[in-house]
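Participant: Just one file: start-v2.cif, with mmCIF, C-alpha atoms.
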data_run
#
loop_
_atom_site.group_PDB
_atom_site.id
_atom_site.type_symbol
_atom_site.label_atom_id
_atom_site.label_comp_id
_atom_site.auth_asym_id
_atom_site.auth_seq_id
_atom_site.Cartn_x
_atom_site.Cartn_y
_atom_site.Cartn_z
ATOM 1 C CA MET A 1 -27.293 -123.622 44.049
ATOM 2 C CA ALA A 2 -27.599 -119.935 43.196
ATOM 3 C CA ALA A 3 -31.104 -118.528 42.881
ATOM 4 C CA PRO A 4 -32.180 -117.917 39.278
ATOM 5 C CA ALA A 5 -32.381 -114.359 37.949
ATOM 6 C CA VAL A 6 -35.863 -112.868 38.003
ATOM 7 C CA ARG A 7 -36.610 -110.086 35.540
ATOM 8 C CA VAL A 8 -38.991 -107.355 36.657
ATOM 9 C CA ARG A 9 -40.609 -105.446 33.814
ATOM 10 C CA LEU A 10 -43.307 -102.889 33.134
ATOM 11 C CA ALA A 11 -45.842 -104.524 30.827
ATOM 12 C CA ASP A 12 -47.893 -102.913 28.068
ATOM 13 C CA GLY A 13 -46.189 -99.555 28.592
ATOM 14 C CA ALA A 14 -47.416 -99.201 32.190
ATOM 15 C CA ARG A 15 -47.000 -95.504 32.979
ATOM 16 C CA SER A 16 -48.408 -94.997 36.454
ATOM 17 C CA GLY A 17 -46.066 -93.943 39.220
ATOM 18 C CA LEU A 18 -47.231 -96.877 41.343
ATOM 19 C CA ALA A 19 -46.212 -99.339 38.599
ATOM 20 C CA SER A 20 -42.817 -97.662 38.237
ATOM 21 C CA MET A 21 -42.233 -97.640 41.995
ATOM 22 C CA VAL A 22 -43.193 -101.309 42.409
ATOM 23 C CA GLN A 23 -40.999 -102.248 39.437
ATOM 24 C CA GLN A 24 -37.951 -100.413 40.818
ATOM 25 C CA PHE A 25 -38.634 -101.689 44.336
ATOM 26 C CA LEU A 26 -38.782 -105.357 43.278
ATOM 27 C CA GLU A 27 -35.847 -105.073 40.883
ATOM 28 C CA GLN A 28 -33.637 -103.506 43.592
ATOM 29 C CA ASP A 29 -34.664 -105.985 46.268
ATOM 30 C CA LEU A 30 -34.284 -109.051 44.025
ATOM 31 C CA THR A 31 -30.879 -107.856 42.839
ATOM 32 C CA ASP A 32 -29.660 -107.509 46.427
ATOM 33 C CA PHE A 33 -31.165 -110.591 48.075
ATOM 34 C CA GLU A 34 -30.738 -114.113 46.772
ATOM 35 C CA GLY A 35 -33.338 -115.473 49.189
ATOM 36 C CA LYS A 36 -35.944 -113.138 47.755
ATOM 37 C CA ARG A 37 -35.020 -114.165 44.194
ATOM 38 C CA ARG A 38 -35.532 -117.785 45.153
ATOM 39 C CA ARG A 39 -38.849 -116.972 46.781
ATOM 40 C CA ALA A 40 -39.995 -114.910 43.776
ATOM 41 C CA SER A 41 -39.064 -117.634 41.309
ATOM 42 C CA ARG A 42 -41.439 -120.029 43.112
ATOM 43 C CA LEU A 43 -44.425 -117.700 42.899
ATOM 44 C CA ARG A 44 -47.051 -118.098 40.186
ATOM 45 C CA GLY A 45 -50.138 -115.961 39.839
ATOM 46 C CA LYS A 46 -51.586 -112.486 39.557
ATOM 47 C CA LEU A 47 -52.273 -110.016 42.334
ATOM 48 C CA ALA A 48 -53.845 -106.583 41.986
ATOM 49 C CA MET A 49 -52.884 -103.812 44.371
ATOM 50 C CA THR A 50 -55.107 -100.729 44.659
ATOM 51 C CA ALA A 51 -54.528 -97.442 46.458
ATOM 52 C CA VAL A 52 -58.238 -96.625 46.778
ATOM 53 C CA ASP A 53 -57.708 -93.046 47.971
ATOM 54 C CA HIS A 54 -55.731 -92.231 44.822
ATOM 55 C CA GLU A 55 -57.661 -94.516 42.431
ATOM 56 C CA VAL A 56 -54.535 -96.262 41.191
ATOM 57 C CA THR A 57 -54.312 -100.015 40.588
ATOM 58 C CA VAL A 58 -51.476 -102.198 39.382
ATOM 59 C CA THR A 59 -51.411 -105.936 38.714
ATOM 60 C CA LEU A 60 -48.318 -107.979 39.487
ATOM 61 C CA GLU A 61 -47.959 -111.205 37.512
ATOM 62 C CA PHE A 62 -45.463 -113.699 38.921
ATOM 63 C CA ALA A 63 -44.284 -116.180 36.305
ATOM 64 C CA GLY A 64 -41.150 -117.764 37.753
ATOM 65 C CA ASP A 65 -38.289 -116.090 35.939
ATOM 66 C CA GLN A 66 -40.245 -112.902 35.314
ATOM 67 C CA ILE A 67 -42.505 -110.487 37.148
ATOM 68 C CA SER A 68 -44.678 -108.248 34.984
ATOM 69 C CA ILE A 69 -46.360 -105.134 36.281
ATOM 70 C CA TRP A 70 -49.439 -103.787 34.552
ATOM 71 C CA ASP A 71 -51.477 -100.666 35.055
ATOM 72 C CA GLY A 72 -55.016 -101.468 36.206
ATOM 73 C CA GLU A 73 -56.612 -104.821 36.992
ATOM 74 C CA ARG A 74 -55.683 -107.651 34.680
ATOM 75 C CA ALA A 75 -58.147 -110.516 35.056
ATOM 76 C CA PRO A 76 -58.220 -113.329 35.969
ATOM 77 C CA LEU A 77 -56.740 -112.465 39.350
ATOM 78 C CA ASP A 78 -55.582 -114.886 42.021
ATOM 79 C CA ALA A 79 -55.695 -112.207 44.700
ATOM 80 C CA SER A 80 -56.150 -108.530 45.369
ATOM 81 C CA ILE A 81 -55.225 -106.076 48.090
ATOM 82 C CA ALA A 82 -57.015 -102.734 48.215
ATOM 83 C CA GLY A 83 -56.903 -99.930 50.721
ATOM 84 C CA PRO A 84 -55.616 -96.463 51.468
ATOM 85 C CA TYR A 85 -52.094 -95.701 50.250
ATOM 86 C CA ARG A 86 -50.823 -95.358 53.835
ATOM 87 C CA SER A 87 -52.025 -98.879 54.700
ATOM 88 C CA LEU A 88 -50.332 -100.332 51.601
ATOM 89 C CA VAL A 89 -47.111 -98.561 52.572
ATOM 90 C CA GLY A 90 -47.449 -100.057 56.059
ATOM 91 C CA LEU A 91 -47.522 -103.530 54.486
ATOM 92 C CA LEU A 92 -44.400 -102.846 52.436
ATOM 93 C CA GLN A 93 -42.648 -101.345 55.454
ATOM 94 C CA GLY A 94 -43.257 -104.635 57.250
ATOM 95 C CA GLU A 95 -45.175 -102.804 59.961
ATOM 96 C CA SER A 96 -48.490 -104.525 59.352
ATOM 97 C CA HIS A 97 -49.917 -107.812 58.125
ATOM 98 C CA PRO A 98 -52.486 -108.161 55.324
ATOM 99 C CA LEU A 99 -54.860 -110.371 57.299
ATOM 100 C CA VAL A 100 -54.694 -108.313 60.456
ATOM 101 C CA GLU A 101 -55.342 -105.185 58.393
ATOM 102 C CA HIS A 102 -58.229 -106.961 56.647
ATOM 103 C CA LEU A 103 -59.778 -107.985 59.941
ATOM 104 C CA ARG A 104 -59.418 -104.426 61.215
ATOM 105 C CA GLY A 105 -61.149 -103.167 58.091
ATOM 106 C CA ARG A 106 -58.208 -101.077 56.897
ATOM 107 C CA LEU A 107 -57.535 -103.218 53.837
ATOM 108 C CA ARG A 108 -59.642 -105.500 51.658
ATOM 109 C CA VAL A 109 -57.725 -108.697 50.945
ATOM 110 C CA ARG A 110 -59.202 -111.262 48.589
ATOM 111 C CA SER A 111 -57.834 -114.513 47.259
ATOM 112 C CA SER A 112 -59.070 -117.318 45.053
ATOM 113 C CA LEU A 113 -59.919 -120.735 46.449
ATOM 114 C CA ARG A 114 -57.129 -122.141 44.341
ATOM 115 C CA LYS A 115 -54.492 -119.907 45.971
ATOM 116 C CA PRO A 116 -55.827 -118.808 49.367
ATOM 117 C CA PHE A 117 -52.389 -117.901 50.702
ATOM 118 C CA PHE A 118 -51.137 -116.080 47.618
ATOM 119 C CA PRO A 119 -51.487 -112.558 49.117
ATOM 120 C CA LEU A 120 -49.482 -113.671 52.153
ATOM 121 C CA ARG A 121 -46.739 -115.154 49.980
ATOM 122 C CA VAL A 122 -46.505 -111.965 47.911
ATOM 123 C CA HIS A 123 -46.431 -109.909 51.100
ATOM 124 C CA GLY A 124 -43.686 -112.156 52.481
ATOM 125 C CA LEU A 125 -41.656 -111.420 49.356
ATOM 126 C CA MET A 126 -42.240 -107.694 49.192
ATOM 127 C CA LYS A 127 -42.156 -106.506 52.793
ATOM 128 C CA LEU A 128 -39.053 -104.771 54.062
ATOM 129 C CA PRO A 129 -37.335 -106.163 57.135
ATOM 130 C CA PRO A 130 -38.251 -104.317 60.341
ATOM 131 C CA VAL A 131 -35.993 -101.430 61.290
ATOM 132 C CA GLU A 132 -33.375 -102.733 63.708
ATOM 133 C CA ARG A 133 -33.548 -100.009 66.340
ATOM 134 C CA GLU A 134 -37.339 -100.276 66.476
ATOM 135 C CA ALA A 135 -37.167 -104.068 66.727
ATOM 136 C CA ARG A 136 -34.761 -103.794 69.664
ATOM 137 C CA ALA A 137 -36.909 -101.246 71.421
ATOM 138 C CA ARG A 138 -40.040 -103.410 71.234
ATOM 139 C CA PRO A 139 -40.842 -104.984 74.626
ATOM 140 C CA LEU A 140 -41.404 -108.697 75.133
ATOM 141 C CA TRP A 141 -45.138 -108.337 75.646
ATOM 142 C CA ALA A 142 -45.381 -106.899 72.132
ATOM 143 C CA TYR A 143 -43.840 -110.081 70.719
ATOM 144 C CA ALA A 144 -46.241 -112.198 72.757
ATOM 145 C CA ALA A 145 -49.183 -110.152 71.514
ATOM 146 C CA ALA A 146 -47.898 -110.365 67.955
ATOM 147 C CA ALA A 147 -47.551 -114.149 68.242
ATOM 148 C CA GLY A 148 -51.131 -114.414 69.484
ATOM 149 C CA LEU A 149 -52.335 -112.171 66.699
ATOM 150 C CA ALA A 150 -50.407 -114.190 64.120
ATOM 151 C CA ALA A 151 -51.970 -117.429 65.365
ATOM 152 C CA ALA A 152 -55.428 -115.894 65.129
ATOM 153 C CA ALA A 153 -54.612 -114.523 61.710
ATOM 154 C CA ILE A 154 -53.439 -117.868 60.340
ATOM 155 C CA SER A 155 -56.538 -119.653 61.578
ATOM 156 C CA GLY A 156 -58.620 -116.872 60.061
ATOM 157 C CA ALA A 157 -56.807 -117.012 56.751
ATOM 158 C CA VAL A 158 -58.620 -120.016 55.340
ATOM 159 C CA ALA A 159 -61.964 -118.729 56.543
ATOM 160 C CA ALA A 160 -61.255 -115.307 55.103
ATOM 161 C CA ALA A 161 -60.202 -116.780 51.787
ATOM 162 C CA LEU A 162 -63.357 -118.863 51.630
ATOM 163 C CA LEU A 163 -65.638 -116.042 52.669
ATOM 164 C CA LEU A 164 -64.135 -113.388 50.478
ATOM 165 C CA THR A 165 -63.780 -115.234 47.217
ATOM 166 C CA MET B 1 -42.268 -62.942 51.271
ATOM 167 C CA ALA B 2 -39.974 -64.482 48.647
ATOM 168 C CA ALA B 3 -40.913 -65.014 45.021
ATOM 169 C CA ILE B 4 -40.938 -68.560 43.707
ATOM 170 C CA TYR B 5 -37.679 -69.775 42.145
ATOM 171 C CA THR B 6 -35.580 -66.988 43.719
ATOM 172 C CA THR B 7 -32.475 -67.533 45.847
ATOM 173 C CA GLN B 8 -34.291 -66.029 48.812
ATOM 174 C CA TRP B 9 -37.101 -68.579 48.345
ATOM 175 C CA TYR B 10 -34.630 -71.504 48.365
ATOM 176 C CA GLU B 11 -32.927 -70.111 51.461
ATOM 177 C CA GLU B 12 -36.215 -69.769 53.318
ATOM 178 C CA LEU B 13 -37.119 -73.311 52.324
ATOM 179 C CA LYS B 14 -33.771 -74.647 53.501
ATOM 180 C CA GLU B 15 -34.168 -72.906 56.864
ATOM 181 C CA LEU B 16 -37.661 -74.301 57.285
ATOM 182 C CA LEU B 17 -36.492 -77.814 56.401
ATOM 183 C CA ASN B 18 -33.673 -77.661 58.917
ATOM 184 C CA GLY B 19 -35.793 -76.063 61.602
ATOM 185 C CA ASN B 20 -38.506 -78.709 61.469
ATOM 186 C CA PRO B 21 -37.887 -81.646 63.838
ATOM 187 C CA GLU B 22 -40.326 -83.826 61.863
ATOM 188 C CA VAL B 23 -38.016 -83.664 58.835
ATOM 189 C CA GLU B 24 -35.055 -84.860 60.868
ATOM 190 C CA ARG B 25 -37.166 -87.554 62.550
ATOM 191 C CA ASN B 26 -38.569 -88.960 59.289
ATOM 192 C CA ALA B 27 -35.573 -88.540 56.986
ATOM 193 C CA PRO B 28 -33.168 -91.397 56.288
ATOM 194 C CA ARG B 29 -29.806 -91.387 58.054
ATOM 195 C CA GLY B 30 -26.685 -90.907 55.963
ATOM 196 C CA LYS B 31 -25.869 -88.690 52.991
ATOM 197 C CA TYR B 32 -28.191 -88.383 50.033
ATOM 198 C CA ARG B 33 -28.051 -86.248 46.900
ATOM 199 C CA VAL B 34 -31.353 -85.404 45.286
ATOM 200 C CA LEU B 35 -31.917 -83.900 41.864
ATOM 201 C CA ALA B 36 -35.193 -82.190 40.976
ATOM 202 C CA GLU B 37 -35.809 -81.519 37.304
ATOM 203 C CA ILE B 38 -38.604 -79.022 36.752
ATOM 204 C CA LEU B 39 -39.952 -79.183 33.199
ATOM 205 C CA GLY B 40 -41.851 -76.390 31.477
ATOM 206 C CA ASP B 41 -45.184 -77.935 30.520
ATOM 207 C CA GLY B 42 -46.920 -75.077 28.766
ATOM 208 C CA SER B 43 -49.077 -74.157 31.782
ATOM 209 C CA SER B 44 -46.568 -72.431 34.044
ATOM 210 C CA PRO B 45 -45.890 -68.712 33.489
ATOM 211 C CA TYR B 46 -42.468 -69.212 35.117
ATOM 212 C CA LEU B 47 -41.071 -71.793 32.686
ATOM 213 C CA LYS B 48 -41.711 -71.858 28.967
ATOM 214 C CA GLU B 49 -42.704 -75.162 27.437
ATOM 215 C CA GLY B 50 -39.599 -77.318 27.037
ATOM 216 C CA GLU B 51 -37.506 -75.203 29.426
ATOM 217 C CA GLN B 52 -35.931 -76.916 32.394
ATOM 218 C CA ARG B 53 -34.685 -75.937 35.836
ATOM 219 C CA PHE B 54 -32.433 -78.157 37.908
ATOM 220 C CA PHE B 55 -32.196 -78.166 41.674
ATOM 221 C CA THR B 56 -29.781 -80.162 43.722
ATOM 222 C CA VAL B 57 -30.480 -80.931 47.352
ATOM 223 C CA ASP B 58 -27.907 -82.480 49.672
ATOM 224 C CA LEU B 59 -29.246 -84.168 52.791
ATOM 225 C CA THR B 60 -27.100 -85.395 55.664
ATOM 226 C CA ASP B 61 -28.779 -87.234 58.526
ATOM 227 C CA GLY B 62 -32.040 -85.457 57.867
ATOM 228 C CA ARG B 63 -30.534 -82.000 57.509
ATOM 229 C CA CYS B 64 -30.454 -80.044 54.272
ATOM 230 C CA THR B 65 -26.855 -78.976 53.814
ATOM 231 C CA GLU B 66 -27.236 -77.587 50.286
ATOM 232 C CA TYR B 67 -30.222 -76.514 48.210
ATOM 233 C CA GLN B 68 -29.322 -74.785 44.994
ATOM 234 C CA GLU B 69 -30.303 -74.263 41.406
ATOM 235 C CA VAL B 70 -27.791 -75.297 38.750
ATOM 236 C CA THR B 71 -27.854 -74.127 35.161
ATOM 237 C CA GLU B 72 -26.664 -77.293 33.429
ATOM 238 C CA ALA B 73 -28.205 -80.758 33.727
ATOM 239 C CA PRO B 74 -25.858 -82.570 36.124
ATOM 240 C CA PRO B 75 -24.906 -86.223 35.492
ATOM 241 C CA ARG B 76 -27.784 -88.331 36.824
ATOM 242 C CA LYS B 77 -25.463 -90.947 38.244
ATOM 243 C CA ALA B 78 -24.281 -88.464 40.861
ATOM 244 C CA PHE B 79 -27.700 -88.570 42.567
ATOM 245 C CA ASP B 80 -29.447 -91.034 44.845
ATOM 246 C CA PHE B 81 -32.909 -89.781 43.882
ATOM 247 C CA ILE B 82 -34.214 -87.967 40.835
ATOM 248 C CA PHE B 83 -37.616 -86.295 40.687
ATOM 249 C CA GLU B 84 -38.902 -85.167 37.288
ATOM 250 C CA VAL B 85 -41.711 -82.705 37.909
ATOM 251 C CA PRO B 86 -43.783 -80.658 35.433
ATOM 252 C CA ALA B 87 -43.514 -76.978 36.404
ATOM 253 C CA SER B 88 -47.246 -76.514 36.973
ATOM 254 C CA ILE B 89 -47.237 -79.504 39.342
ATOM 255 C CA PHE B 90 -44.191 -78.235 41.277
ATOM 256 C CA GLU B 91 -45.773 -74.817 41.608
ATOM 257 C CA GLY B 92 -49.107 -76.444 42.532
ATOM 258 C CA ILE B 93 -47.342 -78.277 45.371
ATOM 259 C CA ALA B 94 -45.669 -75.054 46.510
ATOM 260 C CA ALA B 95 -49.092 -73.393 46.516
ATOM 261 C CA GLY B 96 -50.654 -76.264 48.477
ATOM 262 C CA LEU B 97 -52.972 -77.224 45.640
ATOM 263 C CA VAL B 98 -51.434 -80.464 44.374
ATOM 264 C CA ASP B 99 -50.995 -83.600 46.469
ATOM 265 C CA PRO B 100 -47.459 -84.869 45.757
ATOM 266 C CA VAL B 101 -48.385 -88.447 46.734
ATOM 267 C CA ASN B 102 -51.180 -88.492 44.180
ATOM 268 C CA ALA B 103 -48.922 -86.977 41.523
ATOM 269 C CA GLY B 104 -46.280 -89.606 42.313
ATOM 270 C CA LEU B 105 -48.707 -92.542 42.196
ATOM 271 C CA LYS B 106 -50.305 -91.354 38.971
ATOM 272 C CA GLY B 107 -46.889 -90.901 37.333
ATOM 273 C CA THR B 108 -47.154 -87.126 36.883
ATOM 274 C CA ILE B 109 -43.986 -86.918 38.975
ATOM 275 C CA LYS B 110 -41.414 -89.473 37.850
ATOM 276 C CA ILE B 111 -39.237 -90.814 40.641
ATOM 277 C CA THR B 112 -36.004 -92.723 40.201
ATOM 278 C CA GLY B 113 -33.930 -94.067 43.076
ATOM 279 C CA ASP B 114 -33.847 -96.663 45.811
ATOM 280 C CA MET B 115 -37.535 -97.262 46.385
ATOM 281 C CA ARG B 116 -36.861 -99.133 49.598
ATOM 282 C CA ILE B 117 -35.540 -95.962 51.197
ATOM 283 C CA LEU B 118 -38.468 -94.015 49.800
ATOM 284 C CA ILE B 119 -41.017 -96.511 51.142
ATOM 285 C CA ARG B 120 -39.276 -96.766 54.499
ATOM 286 C CA HIS B 121 -39.493 -92.967 54.836
ATOM 287 C CA ALA B 122 -42.827 -92.445 53.097
ATOM 288 C CA ASP B 123 -44.092 -90.137 55.853
ATOM 289 C CA LEU B 124 -41.398 -87.627 54.949
ATOM 290 C CA VAL B 125 -43.363 -86.712 51.811
ATOM 291 C CA ASN B 126 -46.272 -85.462 53.914
ATOM 292 C CA VAL B 127 -43.940 -83.499 56.186
ATOM 293 C CA LEU B 128 -42.262 -81.844 53.194
ATOM 294 C CA TYR B 129 -45.615 -81.107 51.590
ATOM 295 C CA ASP B 130 -46.779 -79.368 54.763
ATOM 296 C CA ILE B 131 -43.647 -77.217 54.746
ATOM 297 C CA TYR B 132 -43.995 -76.315 51.068
ATOM 298 C CA ALA B 133 -47.707 -75.678 51.244
ATOM 299 C CA ARG B 134 -48.211 -74.086 54.651
ATOM 300 C CA GLU B 135 -44.940 -72.725 55.952
ATOM 301 C CA VAL B 136 -43.159 -71.275 52.922
ATOM 302 C CA ASP B 137 -44.506 -67.815 52.294
ATOM 303 C CA THR B 138 -44.349 -67.633 48.518
ATOM 304 C CA SER B 139 -45.175 -64.716 46.284
ATOM 305 C CA TRP B 140 -46.225 -65.282 42.685
ATOM 306 C CA PRO B 141 -45.146 -62.304 40.545
ATOM 307 C CA SER B 142 -46.439 -63.838 37.314
ATOM 308 C CA GLY B 143 -49.612 -65.310 38.743
ATOM 309 C CA ARG B 144 -50.543 -67.962 41.305
ATOM 310 C CA PRO B 145 -51.649 -71.515 40.510
ATOM 311 C CA PRO B 146 -54.079 -72.823 39.424
ATOM 312 C CA TYR B 147 -53.345 -71.079 36.147
ATOM 313 C CA GLY B 148 -56.078 -69.835 33.895
ATOM 314 C CA GLN B 149 -58.105 -68.770 36.951
ATOM 315 C CA ASN B 150 -56.075 -65.677 37.922
#
Could you quickly redo this structure as structure tokens?
Facilitator:
Amino acid sequence: MAAPAVRVRLADGARSGLASMVQQFLEQDLTDFEGKRRRASRLRGKLAMTAVDHEVTVTLEFAGDQISIWDGERAPLDASIAGPYRSLVGLLQGESHPLVEHLRGRLRVRSSLRKPFFPLRVHGLMKLPPVEREARARPLWAYAAAAGLAAAAISGAVAAALLLT
Amino acid sequence: MAAIYTTQWYEELKELLNGNPEVERNAPRGKYRVLAEILGDGSSPYLKEGEQRFFTVDLTDGRCTEYQEVTEAPPRKAFDFIFEVPASIFEGIAAGLVDPVNAGLKGTIKITGDMRILIRHADLVNVLYDIYAREVDTSWPSGRPPYGQN
């Protein structure tokens, strides 16, 4: 069965560049990839994303067949990710992981008790696939280290969600 | 030293872009056409309010093959990326006074195009900003930004 269409819209006349970029980014990616449309249509909730060094925040509301993007924080939130612009870009580039970045202190990731894994699911939807040539060049030990880090991150996820909410 | 918005200024910029290995390293592969629309915003002494200037930039594998000003607004569909920039912001970037990332995130610069390419090559913005702000030797015959303080 084909994945349902998911509309991505700017809500309440959102005018920030970050809102416009996220809107275009999601619209382009969901148009091109059916798997991402399917994944997006299963998401429900609100996540705020803040570039702290530029004092810009947007809220993404996932509602099945529609994603709305607002300027600023739109409570009640299910999750938030805040940090320097470069760290947020790293997440979208698929070069970093929200929990690893949180544990390193580069990003502040929060989630509600009701949806502790919501930031990870949104990240899974939004991140770009790794660049092929870089993936090929990565040695085996890097994969082993990444696997270890991922295991630690997953076990830390619940604790982080509990502690941070 | 070339004056802003002159042919000599564009040529110097093109040479600097092509001579900088960081541009080639951070730029996307393939051919891209970029349109910059500079809009007179009432602050710039170089563009009256409501006036527009259009620049087209052709990039091939990280090299600038064409950088020119055109008199008429070209069809937007012919471009992969479009940047709409108020004149005082463009000149502020050229003078090293305005952070283009901040202007982009705040919406002062409007960007249209494939955001995935832009995000993948986000570091290119900083490289270009360094070239504009530090390497291009610009003269300002009608006054240097920030305006109102000359």
Participant: Separation of CA of Arg114 (chain A) and CA of Gln23 (chain A), in Å?
Facilitator: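 Taking CA of Arg114 (chain A) as the start and CA of Gln23 (chain A) as the end point, the length is 26.1 Å.
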Participant: Can you turn the PyMOL selection byres ((chain B) within 12 of (chain A)) into a concrete residue list for this file, as a VMD selection string?
Facilitator: chain B and resid 28 83 to 84 99 to 123 125 to 126
Participant: Assuming the chain letters and numbering stay as they are in my file, what does the PyMOL selection byres ((chain B and resi 68-74) around 12) actually select? List them as an MDAnalysis selection string.
Facilitator: chainID B and resid 5:14 33:39 51:58 64:67 75:79 82
Participant: Quote the spacing between CA of Asp137 (chain B) and CA of Glu24 (chain B) in Å to one decimal place.
Facilitator: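 Answer for the CA of Asp137 (chain B) to CA of Glu24 (chain B) separation: 21.3 Å.
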Participant: Could you state the separation of CA of Thr59 (chain A) and CA of Leu99 (chain A) in Å, given to one decimal place?
Facilitator: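 Separating CA of Thr59 (chain A) from CA of Leu99 (chain A) is a distance of 19.4 Å.
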Participant: Please write as number ranges by chain the list of polymer residues whose atoms come within 10 Å of (-37.4, -76.2, 55.3), counting only C-alpha atoms and keeping to the coordinates of the file.
Facilitator: B: 10-20, 23, 63-64, 127-128, 130-132, 135-136
Participant: So that I can check the surroundings of Arg74 (chain A), please list as JSON, numbers by chain every protein, DNA and RNA residue that reaches within 9 Å of it, counting only C-alpha atoms and ignoring chain neighbours fewer than 4 positions away.
Facilitator: {"A": [46, 47, 48, 58, 59, 60, 61, 70]}
Participant: Okay, now the selection with C-alpha atoms, as a PDB file, keeping the file's coordinate frame?
Facilitator:
ATOM      1  CA  LYS A  46     -51.586-112.486  39.557  1.00  0.00           C
ATOM      2  CA  LEU A  47     -52.273-110.016  42.334  1.00  0.00           C
ATOM      3  CA  ALA A  48     -53.845-106.583  41.986  1.00  0.00           C
ATOM      4  CA  VAL A  58     -51.476-102.198  39.382  1.00  0.00           C
ATOM      5  CA  THR A  59     -51.411-105.936  38.714  1.00  0.00           C
ATOM      6  CA  LEU A  60     -48.318-107.979  39.487  1.00  0.00           C
ATOM      7  CA  GLU A  61     -47.959-111.205  37.512  1.00  0.00           C
ATOM      8  CA  TRP A  70     -49.439-103.787  34.552  1.00  0.00           C
TER       9      TRP A  70
END
Participant: Just say which residues the PyMOL selection byres ((chain A and resi 33-45) around 6) picks in this file, as JSON, numbers by chain.
Facilitator: {"A": [3, 30, 31, 32, 46, 61, 62, 63, 64, 65, 78]}
Participant: At a cut-off of 8 Å, using all atoms listed in the file, what residues contact Ser139 (chain B)? Leave out same-chain residues fewer than 6 positions from it and give the result as a ChimeraX atom specification.
Facilitator: /B:1-4
Participant: Include C-alpha atoms and write out the residues we just selected as an mmCIF file, keeping the file's coordinate frame.
Facilitator:
data_model
loop_
_atom_site.group_PDB
_atom_site.id
_atom_site.type_symbol
_atom_site.label_atom_id
_atom_site.label_comp_id
_atom_site.auth_asym_id
_atom_site.auth_seq_id
_atom_site.Cartn_x
_atom_site.Cartn_y
_atom_site.Cartn_z
ATOM 1 C CA MET B 1 -42.268 -62.942 51.271
ATOM 2 C CA ALA B 2 -39.974 -64.482 48.647
ATOM 3 C CA ALA B 3 -40.913 -65.014 45.021
ATOM 4 C CA ILE B 4 -40.938 -68.560 43.707
#
Participant: Using all atoms listed in the file, which protein or nucleic acid residues come within 7 Å of Val109 (chain A)? Drop anything in the same chain fewer than 2 positions from it, and give the result as a list of chain:residue names.
Facilitator: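 Selected residues are A:Ser80, A:Ile81, A:Ala82, A:Pro98, A:His102, A:Leu107, A:Ser111.
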Participant: Taking all atoms listed in the file into account, name the residue in B:Ser88, B:Arg29, B:Glu22, B:Asp61 that is nearest to Asp41 (chain B).
Facilitator: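 Closest to Asp41 (chain B), using all atoms listed in the file: B:Ser88.
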Participant: Compile the contact shell of Tyr32 (chain B) as a PyMOL selection string: residues with an atom at most 7 Å away, counting all atoms listed in the file, same-chain residues fewer than 5 positions apart removed.
Facilitator: chain B and resi 58-60+80
Participant: With 5 Å of padding per side, what axis-aligned box (centre and edge lengths, Å, one decimal) covers all the listed atoms of region 66-78 of chain A? Give it as lines of an AutoDock Vina configuration file.
Facilitator:
center_x = -49.2
center_y = -107.8
center_z = 38.3
size_x = 28.0
size_y = 24.2
size_z = 17.5
